[in-house]
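Undergrad: Below is the structure I would like to discuss, written out as structure tokens.
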Amino acid sequence: MASVELKSVSKSFGNVKAVRDVSLTIPDREFVVFVGPSGCGKSTLLRMIAGLEEISAGEISIGGRRVNDIPAADRGIAMVFQSYALYPHMTVGENMGFGLKMSGVPREEVKAKVAQAASILQIGELLERKPRALSGGQRQRVAIGRAITRNPDVFLFDEPLSNLDAGLRAQMRVELARLHAEFNATMIYVTHDQVEAMTLADRIVVLNKGRIEQQGAPLDLYERPDSMFVASFLGQPKINFLDVTMQAKQGATVLRLSDGHEVTLPSGLSGKVTPDAAAVLGIRPDAITVSSRATAGAIPGKLELVEHLGSETLMHIRLPEISELVTVAAPGSKRFKKGANCWITFDLKRVLLFDHRGLRIR
Amino acid sequence: MWAIKRYPLLWLLPALLPVAAFIVYPVAYAFWTSLHQVMLLFPGEPFVGFDNYARVLTSSYFRTAFLNSVVFMLLAAPLVVILGVSAALFLQRRFAGSMLVRSVVLLPWVLPGAISAVLWIWVFHPSFGIINGVLLGVGAVDTPIQWLNTPRLAFACVLVAHVWTQIPFAVVLTMAALSAINSETLEAATIDCRNGWKRFWYVVFPEVKAMIVVLLIYNALIAFTTYDLVYAMTGGGPGTATTLLAFQIWRESFAMYDFGAGSALAFVMVAVAALLIVLITRALPSDLFGERP
């Protein structure tokens, strides 16, 4: 078990800077998820930690030991790949024991370790099979088993679930969480799937264009994003953004939507408001209430599309003179009709404000 | 009914006719020739049964040519495969100018055999050749080596030229097999094993093994039946030092005008080659290609 430390790490491919000056400390036993859109540098960062990619600048240490010049096999890591990356001509058992065999561990010991890992993952009956005879989910279990057998200080996962179908993905997600609890190992996990990030992580590191955009506990990032990028990346369905102009009125902040309706924030912010400044209001779909009757301060709209998902109902509401539809998430028990008139109110405590650069106004 | 059943055959004719004209007919004609006395110096083509075969098989020329061909094959096939696979492994890496080197390596492939032969004649030329030039230049020898006029050396020279012309194909096929390996699998191996040679042996080699076997068989047959380099470089000499079986067929037919004997020899060679293929494929492990899980 070990901590991982990145100091001003950068990576360039020719003129392209994939990772820019990333510094990060991952304490022992933490489950960290690197998340971001494709091309944000998350996989490159992981591969640099693994030793599969040279480090252009900066320093990476694992367990307090500088590993920049240490080959991948000696870094005390194990990696699970998106394509499973099993050795096709070896049986499941041979696949899992290969790393130990190569480092000279006696055959009997390898066998015992493989059997142990196999029983944890319930793949004991597959040990004699070849990878091609396995389903995708089984293959990924074997790949995880191969990592466990190596008994690494740090587990690295590179989008391990993205080749699986939705049902299996949910199942494996639970399994991975269980493994982390069981092994108490440091785990670094790369994904572009915000659900995986939210559910698995002790800490999420959001990457954008090779830089760390924000890091923190999942719900902290969800509730208190530093930027529109983070706000829009985390959360499903996506957060709503509405263009507003700000006004200070008697200590309160008034936000005027482009259709003329006003939202008055009860507290704070007033000191930072420049009159008539343009801003973006961000509001999560679950922080909006829909009513079929007009109430004081409610904004009128029309239900353009209703998605009944069972557990919840998603409504896409057209506000007059606003181009984007507003998405609202309501409990599944509520029944709404497409095309009906409605009135929405915001949970004012959960309104987020962003300036023209996309940064949060606090 | 007849019309409906036979109708599809009509559509196969355009494909079957050229096959008949260019393969079936020549082979049948050659076989007919091998059973008759066909000599340009003696008019008439009387049927002689298997006399030609008996004559060819018992001649000392056949013994020499057959042995030469076997030795040639046993040396050439492994050499081509070892060098070709090594070159492919090297060319897989990306380095400055790797694309240029890749194209250069493929050059011998596009040269016709006769041109390769001329090229190598010049390389081995006693007075003007680059090899003697270098050897004399650095003082390694003080008289020019008669490369193509010394029996053992001439055999080696033809072998070198042959291997040189066959390497590109081995490189291309091996590179194709290598590039079919999942890159993440190779990376997993990098994490599992620090020793590059072990990685090759345990992870890469099993993936290209089938291709290597195919290359070995193919090159064994090519080496066993090769003809053009011998013809152009040495004419089978000095003496019979470089007389390979295929060249002997040419000599019987077109130097001695004994087409019956030449054709008989050709069928002997086909029989040996066929036997070879059967033996090799029998010897292969049954799970080599697309093994069952």
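Just so we're on the same page: first chain in the structure tokens is A, next is B, and so on; residues restart at 1 for each chain, and ligands are numbered from 1 in the order they show up.
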If you count only C-alpha atoms, which residues fall within 9 Å of A:Pro285, apart from same-chain ones fewer than 5 positions away, as JSON, numbers by chain?
TA: {"A": [236, 237, 238, 239, 240, 314, 315, 326, 327, 328, 329, 330]}
Undergrad: If we count only C-alpha atoms, which residues of chain A reach to within 6 Å of chain B? Please list them as JSON, numbers by chain.
TA: {"A": [72, 73, 85, 99, 102, 130, 133]}
Undergrad: Set the distance at 12 Å and use only C-alpha atoms: which residues neighbour A:Ala217 once local chain neighbours fewer than 5 positions away are removed? I'd like the list as a list in words.
TA: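 Listed by chain and then number, they are Glu30, Phe31, Val32, Val33, Ala197, Met198, Thr199, Leu200, Ala201, Asp202, Arg203, Ile204, Val205, Val206, Tyr222, Glu223, Arg224, Pro225 and Leu234 of chain A.
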Undergrad: Give me a file of those residues, with N, CA, C and O atoms, as a PDB file, in the first residue's frame.
TA:
```pdb
ATOM      1  N   GLU A  30      -6.595   5.665  -0.749  1.00  0.00           N
ATOM      2  CA  GLU A  30      -7.686   6.469  -1.279  1.00  0.00           C
ATOM      3  C   GLU A  30      -8.117   5.922  -2.641  1.00  0.00           C
ATOM      4  O   GLU A  30      -7.314   5.371  -3.382  1.00  0.00           O
ATOM      5  N   PHE A  31      -9.390   6.070  -2.948  1.00  0.00           N
ATOM      6  CA  PHE A  31      -9.903   5.746  -4.280  1.00  0.00           C
ATOM      7  C   PHE A  31     -10.095   7.066  -5.014  1.00  0.00           C
ATOM      8  O   PHE A  31     -11.002   7.830  -4.701  1.00  0.00           O
ATOM      9  N   VAL A  32      -9.200   7.324  -5.950  1.00  0.00           N
ATOM     10  CA  VAL A  32      -9.252   8.587  -6.681  1.00  0.00           C
ATOM     11  C   VAL A  32      -9.722   8.320  -8.096  1.00  0.00           C
ATOM     12  O   VAL A  32      -9.280   7.369  -8.729  1.00  0.00           O
ATOM     13  N   VAL A  33     -10.641   9.137  -8.579  1.00  0.00           N
ATOM     14  CA  VAL A  33     -11.106   8.988  -9.949  1.00  0.00           C
ATOM     15  C   VAL A  33     -10.702  10.209 -10.754  1.00  0.00           C
ATOM     16  O   VAL A  33     -10.994  11.337 -10.363  1.00  0.00           O
ATOM     17  N   ALA A 197     -17.643   7.957 -11.632  1.00  0.00           N
ATOM     18  CA  ALA A 197     -16.849   8.866 -10.811  1.00  0.00           C
ATOM     19  C   ALA A 197     -17.571   9.172  -9.505  1.00  0.00           C
ATOM     20  O   ALA A 197     -16.998   9.066  -8.420  1.00  0.00           O
ATOM     21  N   MET A 198     -18.848   9.525  -9.605  1.00  0.00           N
ATOM     22  CA  MET A 198     -19.612   9.911  -8.422  1.00  0.00           C
ATOM     23  C   MET A 198     -19.741   8.739  -7.442  1.00  0.00           C
ATOM     24  O   MET A 198     -19.663   8.924  -6.232  1.00  0.00           O
ATOM     25  N   THR A 199     -19.973   7.531  -7.975  1.00  0.00           N
ATOM     26  CA  THR A 199     -20.278   6.417  -7.077  1.00  0.00           C
ATOM     27  C   THR A 199     -19.033   5.779  -6.470  1.00  0.00           C
ATOM     28  O   THR A 199     -19.079   5.275  -5.360  1.00  0.00           O
ATOM     29  N   LEU A 200     -17.908   5.769  -7.201  1.00  0.00           N
ATOM     30  CA  LEU A 200     -16.746   5.031  -6.717  1.00  0.00           C
ATOM     31  C   LEU A 200     -15.779   5.872  -5.888  1.00  0.00           C
ATOM     32  O   LEU A 200     -15.119   5.365  -4.989  1.00  0.00           O
ATOM     33  N   ALA A 201     -15.710   7.159  -6.208  1.00  0.00           N
ATOM     34  CA  ALA A 201     -14.578   7.935  -5.720  1.00  0.00           C
ATOM     35  C   ALA A 201     -14.677   8.338  -4.252  1.00  0.00           C
ATOM     36  O   ALA A 201     -15.746   8.653  -3.748  1.00  0.00           O
ATOM     37  N   ASP A 202     -13.517   8.295  -3.568  1.00  0.00           N
ATOM     38  CA  ASP A 202     -13.371   9.066  -2.343  1.00  0.00           C
ATOM     39  C   ASP A 202     -13.152  10.519  -2.751  1.00  0.00           C
ATOM     40  O   ASP A 202     -13.627  11.438  -2.127  1.00  0.00           O
ATOM     41  N   ARG A 203     -12.385  10.643  -3.825  1.00  0.00           N
ATOM     42  CA  ARG A 203     -12.084  11.980  -4.313  1.00  0.00           C
ATOM     43  C   ARG A 203     -12.099  11.952  -5.843  1.00  0.00           C
ATOM     44  O   ARG A 203     -11.576  11.029  -6.458  1.00  0.00           O
ATOM     45  N   ILE A 204     -12.729  12.973  -6.410  1.00  0.00           N
ATOM     46  CA  ILE A 204     -12.759  13.105  -7.862  1.00  0.00           C
ATOM     47  C   ILE A 204     -11.781  14.196  -8.270  1.00  0.00           C
ATOM     48  O   ILE A 204     -11.732  15.252  -7.639  1.00  0.00           O
ATOM     49  N   VAL A 205     -10.990  13.902  -9.293  1.00  0.00           N
ATOM     50  CA  VAL A 205     -10.137  14.927  -9.878  1.00  0.00           C
ATOM     51  C   VAL A 205     -10.674  15.197 -11.277  1.00  0.00           C
ATOM     52  O   VAL A 205     -10.643  14.320 -12.135  1.00  0.00           O
ATOM     53  N   VAL A 206     -11.223  16.383 -11.479  1.00  0.00           N
ATOM     54  CA  VAL A 206     -11.760  16.721 -12.799  1.00  0.00           C
ATOM     55  C   VAL A 206     -10.653  17.353 -13.617  1.00  0.00           C
ATOM     56  O   VAL A 206     -10.031  18.330 -13.195  1.00  0.00           O
ATOM     57  N   TYR A 222     -20.261  18.272  -6.731  1.00  0.00           N
ATOM     58  CA  TYR A 222     -21.615  18.347  -7.284  1.00  0.00           C
ATOM     59  C   TYR A 222     -22.329  19.601  -6.784  1.00  0.00           C
ATOM     60  O   TYR A 222     -22.934  20.330  -7.565  1.00  0.00           O
ATOM     61  N   GLU A 223     -22.211  19.846  -5.499  1.00  0.00           N
ATOM     62  CA  GLU A 223     -22.929  20.981  -4.916  1.00  0.00           C
ATOM     63  C   GLU A 223     -22.175  22.290  -5.073  1.00  0.00           C
ATOM     64  O   GLU A 223     -22.772  23.350  -5.160  1.00  0.00           O
ATOM     65  N   ARG A 224     -20.837  22.226  -5.045  1.00  0.00           N
ATOM     66  CA  ARG A 224     -20.069  23.460  -5.049  1.00  0.00           C
ATOM     67  C   ARG A 224     -18.995  23.451  -6.126  1.00  0.00           C
ATOM     68  O   ARG A 224     -17.799  23.499  -5.836  1.00  0.00           O
ATOM     69  N   PRO A 225     -19.398  23.387  -7.380  1.00  0.00           N
ATOM     70  CA  PRO A 225     -18.397  23.396  -8.453  1.00  0.00           C
ATOM     71  C   PRO A 225     -17.740  24.770  -8.578  1.00  0.00           C
ATOM     72  O   PRO A 225     -18.384  25.777  -8.322  1.00  0.00           O
ATOM     73  N   LEU A 234     -20.429  16.989 -14.036  1.00  0.00           N
ATOM     74  CA  LEU A 234     -20.964  16.084 -13.028  1.00  0.00           C
ATOM     75  C   LEU A 234     -22.468  16.290 -12.900  1.00  0.00           C
ATOM     76  O   LEU A 234     -22.952  17.409 -12.976  1.00  0.00           O
TER      77      LEU A 234
END
```
Undergrad: Using only C-alpha atoms, determine which residues lie at most 9 Å from A:Arg141, disregarding the query and same-chain residues fewer than 5 positions distant; provide the list as an mmCIF file with N, CA and C atoms, in the first residue's frame.
TA:
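Writing the result to selection33.cif gives the following:
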```cif
data_model
loop_
_atom_site.group_PDB
_atom_site.id
_atom_site.type_symbol
_atom_site.label_atom_id
_atom_site.label_comp_id
_atom_site.auth_asym_id
_atom_site.auth_seq_id
_atom_site.Cartn_x
_atom_site.Cartn_y
_atom_site.Cartn_z
ATOM 1 N N TYR A 84 -9.360 -5.088 -21.611
ATOM 2 C CA TYR A 84 -9.029 -6.246 -20.771
ATOM 3 C C TYR A 84 -7.568 -6.646 -20.936
ATOM 4 N N ALA A 118 -8.907 -15.772 -7.553
ATOM 5 C CA ALA A 118 -10.041 -16.307 -8.302
ATOM 6 C C ALA A 118 -11.252 -16.490 -7.403
ATOM 7 N N LEU A 121 -13.049 -13.227 -6.713
ATOM 8 C CA LEU A 121 -13.832 -12.736 -7.851
ATOM 9 C C LEU A 121 -14.814 -13.779 -8.367
ATOM 10 N N GLN A 122 -14.872 -14.936 -7.708
ATOM 11 C CA GLN A 122 -15.763 -16.018 -8.107
ATOM 12 C C GLN A 122 -15.553 -16.446 -9.553
ATOM 13 N N ILE A 123 -14.290 -16.616 -9.932
ATOM 14 C CA ILE A 123 -14.002 -17.090 -11.286
ATOM 15 C C ILE A 123 -13.185 -18.377 -11.212
ATOM 16 N N GLY A 136 -17.564 -10.721 -21.988
ATOM 17 C CA GLY A 136 -16.877 -9.477 -21.656
ATOM 18 C C GLY A 136 -16.746 -9.277 -20.155
ATOM 19 N N ARG A 146 -6.079 -10.590 -12.352
ATOM 20 C CA ARG A 146 -4.652 -10.527 -12.675
ATOM 21 C C ARG A 146 -3.980 -9.402 -11.878
ATOM 22 N N MET A 172 -20.473 -4.366 -11.948
ATOM 23 C CA MET A 172 -19.031 -4.325 -11.717
ATOM 24 C C MET A 172 -18.643 -3.121 -10.867
#
```
Undergrad: Please list as a list in words every residue within 10 Å of A:Arg47, counting only C-alpha atoms and excluding residues in the same chain fewer than 4 positions away.
TA: Gly41, Lys42, Ser43, Gly51, Leu52, Glu53, Glu54, Ile55, Ala72, Met79, Leu156, Phe157 and Asp158 of chain A; Glu187 of chain B
Undergrad: Excluding same-chain residues fewer than 5 positions from stretch 118-131 of chain B, what lies within 12 Å of it counting only C-alpha atoms, as a PDB file with N, CA, C and O atoms, in the first residue's frame?
TA:
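Heads up, here's the output in result-v7.pdb:
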```
ATOM      1  N   PRO B 108      13.839  -5.037 -52.271  1.00  0.00           N
ATOM      2  CA  PRO B 108      14.177  -6.282 -52.983  1.00  0.00           C
ATOM      3  C   PRO B 108      12.943  -7.013 -53.500  1.00  0.00           C
ATOM      4  O   PRO B 108      13.016  -7.763 -54.471  1.00  0.00           O
ATOM      5  N   LEU B 111      11.997  -5.882 -57.054  1.00  0.00           N
ATOM      6  CA  LEU B 111      12.958  -6.118 -58.130  1.00  0.00           C
ATOM      7  C   LEU B 111      12.724  -7.502 -58.736  1.00  0.00           C
ATOM      8  O   LEU B 111      12.603  -8.480 -58.013  1.00  0.00           O
ATOM      9  N   PRO B 112      12.695  -7.591 -60.053  1.00  0.00           N
ATOM     10  CA  PRO B 112      12.614  -8.907 -60.691  1.00  0.00           C
ATOM     11  C   PRO B 112      13.865  -9.713 -60.368  1.00  0.00           C
ATOM     12  O   PRO B 112      14.936  -9.141 -60.140  1.00  0.00           O
ATOM     13  N   GLY B 113      13.723 -11.043 -60.331  1.00  0.00           N
ATOM     14  CA  GLY B 113      14.834 -11.914 -59.962  1.00  0.00           C
ATOM     15  C   GLY B 113      16.088 -11.659 -60.775  1.00  0.00           C
ATOM     16  O   GLY B 113      17.196 -11.617 -60.226  1.00  0.00           O
ATOM     17  N   LEU B 136      39.938  -5.934 -49.774  1.00  0.00           N
ATOM     18  CA  LEU B 136      41.275  -5.547 -50.216  1.00  0.00           C
ATOM     19  C   LEU B 136      41.665  -4.221 -49.577  1.00  0.00           C
ATOM     20  O   LEU B 136      42.806  -4.026 -49.158  1.00  0.00           O
ATOM     21  N   GLY B 137      40.696  -3.335 -49.495  1.00  0.00           N
ATOM     22  CA  GLY B 137      40.953  -1.994 -48.965  1.00  0.00           C
ATOM     23  C   GLY B 137      41.463  -2.037 -47.530  1.00  0.00           C
ATOM     24  O   GLY B 137      42.412  -1.337 -47.181  1.00  0.00           O
ATOM     25  N   VAL B 138      40.822  -2.838 -46.694  1.00  0.00           N
ATOM     26  CA  VAL B 138      41.248  -2.885 -45.294  1.00  0.00           C
ATOM     27  C   VAL B 138      42.382  -3.883 -45.089  1.00  0.00           C
ATOM     28  O   VAL B 138      42.855  -4.061 -43.975  1.00  0.00           O
ATOM     29  N   ALA B 140      42.294  -7.173 -45.483  1.00  0.00           N
ATOM     30  CA  ALA B 140      41.897  -8.477 -44.938  1.00  0.00           C
ATOM     31  C   ALA B 140      42.354  -9.601 -45.854  1.00  0.00           C
ATOM     32  O   ALA B 140      42.652 -10.705 -45.406  1.00  0.00           O
ATOM     33  N   VAL B 141      42.388  -9.350 -47.161  1.00  0.00           N
ATOM     34  CA  VAL B 141      42.916 -10.327 -48.122  1.00  0.00           C
ATOM     35  C   VAL B 141      43.864  -9.584 -49.050  1.00  0.00           C
ATOM     36  O   VAL B 141      43.786  -8.359 -49.184  1.00  0.00           O
ATOM     37  N   THR B 143      44.685 -11.054 -52.318  1.00  0.00           N
ATOM     38  CA  THR B 143      44.279 -11.328 -53.696  1.00  0.00           C
ATOM     39  C   THR B 143      42.756 -11.377 -53.723  1.00  0.00           C
ATOM     40  O   THR B 143      42.142 -11.797 -52.745  1.00  0.00           O
ATOM     41  N   PRO B 144      42.163 -10.904 -54.842  1.00  0.00           N
ATOM     42  CA  PRO B 144      40.702 -10.889 -54.914  1.00  0.00           C
ATOM     43  C   PRO B 144      40.137 -12.296 -54.721  1.00  0.00           C
ATOM     44  O   PRO B 144      40.682 -13.259 -55.233  1.00  0.00           O
ATOM     45  N   ILE B 145      39.050 -12.403 -53.970  1.00  0.00           N
ATOM     46  CA  ILE B 145      38.390 -13.701 -53.785  1.00  0.00           C
ATOM     47  C   ILE B 145      37.493 -13.974 -54.985  1.00  0.00           C
ATOM     48  O   ILE B 145      36.746 -13.102 -55.420  1.00  0.00           O
ATOM     49  N   GLN B 146      37.584 -15.167 -55.540  1.00  0.00           N
ATOM     50  CA  GLN B 146      36.766 -15.541 -56.699  1.00  0.00           C
ATOM     51  C   GLN B 146      35.423 -16.066 -56.194  1.00  0.00           C
ATOM     52  O   GLN B 146      35.164 -17.262 -56.167  1.00  0.00           O
ATOM     53  N   TRP B 147      34.576 -15.143 -55.788  1.00  0.00           N
ATOM     54  CA  TRP B 147      33.334 -15.525 -55.123  1.00  0.00           C
ATOM     55  C   TRP B 147      32.505 -16.532 -55.922  1.00  0.00           C
ATOM     56  O   TRP B 147      32.148 -17.586 -55.427  1.00  0.00           O
ATOM     57  N   LEU B 148      32.201 -16.145 -57.162  1.00  0.00           N
ATOM     58  CA  LEU B 148      31.269 -16.973 -57.919  1.00  0.00           C
ATOM     59  C   LEU B 148      31.966 -18.093 -58.688  1.00  0.00           C
ATOM     60  O   LEU B 148      31.327 -18.889 -59.360  1.00  0.00           O
ATOM     61  N   ASN B 149      33.307 -18.149 -58.581  1.00  0.00           N
ATOM     62  CA  ASN B 149      34.026 -19.200 -59.300  1.00  0.00           C
ATOM     63  C   ASN B 149      34.590 -20.254 -58.368  1.00  0.00           C
ATOM     64  O   ASN B 149      35.324 -21.135 -58.788  1.00  0.00           O
ATOM     65  N   THR B 150      34.313 -20.138 -57.073  1.00  0.00           N
ATOM     66  CA  THR B 150      34.739 -21.154 -56.116  1.00  0.00           C
ATOM     67  C   THR B 150      33.483 -21.902 -55.684  1.00  0.00           C
ATOM     68  O   THR B 150      32.528 -21.269 -55.226  1.00  0.00           O
ATOM     69  N   LEU B 153      31.843 -21.208 -52.197  1.00  0.00           N
ATOM     70  CA  LEU B 153      31.518 -19.785 -52.086  1.00  0.00           C
ATOM     71  C   LEU B 153      30.363 -19.418 -53.010  1.00  0.00           C
ATOM     72  O   LEU B 153      29.477 -18.642 -52.633  1.00  0.00           O
ATOM     73  N   ALA B 154      30.369 -19.972 -54.216  1.00  0.00           N
ATOM     74  CA  ALA B 154      29.313 -19.652 -55.174  1.00  0.00           C
ATOM     75  C   ALA B 154      27.955 -20.065 -54.611  1.00  0.00           C
ATOM     76  O   ALA B 154      26.970 -19.328 -54.699  1.00  0.00           O
ATOM     77  N   ALA B 156      27.172 -20.293 -51.461  1.00  0.00           N
ATOM     78  CA  ALA B 156      26.846 -19.329 -50.410  1.00  0.00           C
ATOM     79  C   ALA B 156      26.352 -18.015 -51.008  1.00  0.00           C
ATOM     80  O   ALA B 156      25.409 -17.399 -50.499  1.00  0.00           O
ATOM     81  N   CYS B 157      26.985 -17.592 -52.115  1.00  0.00           N
ATOM     82  CA  CYS B 157      26.593 -16.325 -52.743  1.00  0.00           C
ATOM     83  C   CYS B 157      25.152 -16.383 -53.240  1.00  0.00           C
ATOM     84  O   CYS B 157      24.376 -15.445 -53.037  1.00  0.00           O
ATOM     85  N   VAL B 158      24.815 -17.488 -53.908  1.00  0.00           N
ATOM     86  CA  VAL B 158      23.448 -17.632 -54.402  1.00  0.00           C
ATOM     87  C   VAL B 158      22.482 -17.644 -53.219  1.00  0.00           C
ATOM     88  O   VAL B 158      21.415 -17.028 -53.241  1.00  0.00           O
ATOM     89  N   LEU B 159      22.903 -18.329 -52.162  1.00  0.00           N
ATOM     90  CA  LEU B 159      22.068 -18.393 -50.958  1.00  0.00           C
ATOM     91  C   LEU B 159      21.819 -16.984 -50.406  1.00  0.00           C
ATOM     92  O   LEU B 159      20.681 -16.612 -50.096  1.00  0.00           O
ATOM     93  N   VAL B 160      22.891 -16.195 -50.302  1.00  0.00           N
ATOM     94  CA  VAL B 160      22.761 -14.830 -49.781  1.00  0.00           C
ATOM     95  C   VAL B 160      21.795 -14.022 -50.649  1.00  0.00           C
ATOM     96  O   VAL B 160      20.879 -13.364 -50.144  1.00  0.00           O
ATOM     97  N   ALA B 161      21.988 -14.106 -51.966  1.00  0.00           N
ATOM     98  CA  ALA B 161      21.126 -13.340 -52.871  1.00  0.00           C
ATOM     99  C   ALA B 161      19.671 -13.778 -52.727  1.00  0.00           C
ATOM    100  O   ALA B 161      18.758 -12.954 -52.675  1.00  0.00           O
ATOM    101  N   HIS B 162      19.476 -15.098 -52.621  1.00  0.00           N
ATOM    102  CA  HIS B 162      18.117 -15.625 -52.493  1.00  0.00           C
ATOM    103  C   HIS B 162      17.461 -15.129 -51.202  1.00  0.00           C
ATOM    104  O   HIS B 162      16.332 -14.641 -51.205  1.00  0.00           O
ATOM    105  N   VAL B 163      18.187 -15.237 -50.106  1.00  0.00           N
ATOM    106  CA  VAL B 163      17.647 -14.793 -48.812  1.00  0.00           C
ATOM    107  C   VAL B 163      17.288 -13.308 -48.893  1.00  0.00           C
ATOM    108  O   VAL B 163      16.229 -12.877 -48.445  1.00  0.00           O
ATOM    109  N   TRP B 164      18.186 -12.542 -49.504  1.00  0.00           N
ATOM    110  CA  TRP B 164      17.972 -11.104 -49.644  1.00  0.00           C
ATOM    111  C   TRP B 164      16.655 -10.812 -50.379  1.00  0.00           C
ATOM    112  O   TRP B 164      15.900  -9.934 -49.982  1.00  0.00           O
ATOM    113  N   THR B 165      16.379 -11.571 -51.447  1.00  0.00           N
ATOM    114  CA  THR B 165      15.159 -11.287 -52.210  1.00  0.00           C
ATOM    115  C   THR B 165      13.905 -11.735 -51.461  1.00  0.00           C
ATOM    116  O   THR B 165      12.823 -11.210 -51.708  1.00  0.00           O
ATOM    117  N   ASP B 228      15.640 -18.770 -60.878  1.00  0.00           N
ATOM    118  CA  ASP B 228      16.109 -17.603 -61.624  1.00  0.00           C
ATOM    119  C   ASP B 228      17.486 -17.098 -61.199  1.00  0.00           C
ATOM    120  O   ASP B 228      18.315 -16.749 -62.036  1.00  0.00           O
ATOM    121  N   LEU B 229      17.743 -17.064 -59.871  1.00  0.00           N
ATOM    122  CA  LEU B 229      19.036 -16.542 -59.412  1.00  0.00           C
ATOM    123  C   LEU B 229      20.181 -17.429 -59.875  1.00  0.00           C
ATOM    124  O   LEU B 229      21.231 -16.945 -60.288  1.00  0.00           O
ATOM    125  N   VAL B 230      19.962 -18.759 -59.814  1.00  0.00           N
ATOM    126  CA  VAL B 230      21.001 -19.702 -60.246  1.00  0.00           C
ATOM    127  C   VAL B 230      21.295 -19.485 -61.729  1.00  0.00           C
ATOM    128  O   VAL B 230      22.446 -19.366 -62.147  1.00  0.00           O
ATOM    129  N   TYR B 231      20.227 -19.395 -62.478  1.00  0.00           N
ATOM    130  CA  TYR B 231      20.373 -19.225 -63.925  1.00  0.00           C
ATOM    131  C   TYR B 231      21.195 -17.982 -64.237  1.00  0.00           C
ATOM    132  O   TYR B 231      22.116 -18.010 -65.042  1.00  0.00           O
ATOM    133  N   ALA B 232      20.839 -16.865 -63.571  1.00  0.00           N
ATOM    134  CA  ALA B 232      21.457 -15.598 -63.913  1.00  0.00           C
ATOM    135  C   ALA B 232      22.827 -15.421 -63.263  1.00  0.00           C
ATOM    136  O   ALA B 232      23.711 -14.787 -63.830  1.00  0.00           O
ATOM    137  N   MET B 233      23.034 -15.962 -62.063  1.00  0.00           N
ATOM    138  CA  MET B 233      24.284 -15.690 -61.350  1.00  0.00           C
ATOM    139  C   MET B 233      25.400 -16.659 -61.694  1.00  0.00           C
ATOM    140  O   MET B 233      26.546 -16.265 -61.869  1.00  0.00           O
ATOM    141  N   THR B 234      25.086 -17.949 -61.758  1.00  0.00           N
ATOM    142  CA  THR B 234      26.161 -18.937 -61.887  1.00  0.00           C
ATOM    143  C   THR B 234      25.949 -19.934 -63.009  1.00  0.00           C
ATOM    144  O   THR B 234      26.877 -20.665 -63.359  1.00  0.00           O
ATOM    145  N   GLY B 235      24.745 -20.014 -63.549  1.00  0.00           N
ATOM    146  CA  GLY B 235      24.476 -21.036 -64.555  1.00  0.00           C
ATOM    147  C   GLY B 235      24.688 -22.437 -63.994  1.00  0.00           C
ATOM    148  O   GLY B 235      25.052 -23.365 -64.706  1.00  0.00           O
TER     149      GLY B 235
END
```
Undergrad: Quick one: residues within 9 Å of B:Ala65, only C-alpha atoms, excluding same-chain residues fewer than 2 positions away - as number ranges by chain?
TA: B: 60-63, 67-70, 240-248
Undergrad: What are the nearest atom pairs, with distances in Å to one decimal, for all residues of stretch 199-286 of chain B that come at most 10 Å from stretch 83-105 of chain B, using only C-alpha atoms, set out by chain and rising residue number as a Markdown table?
TA:
```
| residue | atom | partner | partner_atom | distance |
| --- | --- | --- | --- | --- |
| B:Phe200 | CA | B:Leu89 | CA | 9.7 |
| B:Val208 | CA | B:Val85 | CA | 9.5 |
| B:Ile212 | CA | B:Val85 | CA | 8.0 |
| B:Leu215 | CA | B:Gly84 | CA | 9.6 |
```
Undergrad: Could you pull out the helix (DSSP H, G or I) residues of stretch 91-175 of chain B, going by DSSP on the backbone, and write them as a PyMOL selection string?
TA: chain B and resi 91-92+98-110+113-123+130-137+147-149+151-175
Undergrad: Set out as a Markdown table a contact list for stretch 214-320 of chain A and stretch 9-28 of chain A with a cut-off of 12 Å, giving each residue of stretch 214-320 of chain A that qualifies its closest atom pair and distance in Å to one decimal, counting only C-alpha atoms, ordered by chain and rising residue number.
TA:
```
| residue | atom | partner | partner_atom | distance |
| --- | --- | --- | --- | --- |
| A:Gln214 | CA | A:Leu24 | CA | 11.1 |
| A:Gln215 | CA | A:Leu24 | CA | 9.4 |
| A:Gly216 | CA | A:Ile26 | CA | 11.6 |
```
Undergrad: Would you put the residues from that selection into a file with N, CA, C and O atoms, as a short mmCIF file (atom, residue, chain, number, x, y, z; two decimals), in the first residue's frame?
TA:
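Writing the result to part07.cif gives the following:
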```
data_model
loop_
_atom_site.label_atom_id
_atom_site.label_comp_id
_atom_site.auth_asym_id
_atom_site.auth_seq_id
_atom_site.Cartn_x
_atom_site.Cartn_y
_atom_site.Cartn_z
N GLN A 214 -10.71 20.91 -10.95
CA GLN A 214 -11.12 20.96 -9.54
C GLN A 214 -11.00 19.56 -8.97
O GLN A 214 -11.12 18.57 -9.69
N GLN A 215 -10.74 19.45 -7.69
CA GLN A 215 -10.74 18.14 -7.06
C GLN A 215 -11.44 18.21 -5.71
O GLN A 215 -11.47 19.25 -5.07
N GLY A 216 -12.02 17.10 -5.31
CA GLY A 216 -12.71 17.09 -4.03
C GLY A 216 -13.62 15.88 -3.93
O GLY A 216 -13.70 15.06 -4.85
#
```
Undergrad: Counting only C-alpha atoms, which of A:Ile62, A:Val254, A:Leu161, A:Ala112 gets nearest to A:Gln82?
TA: A:Leu161
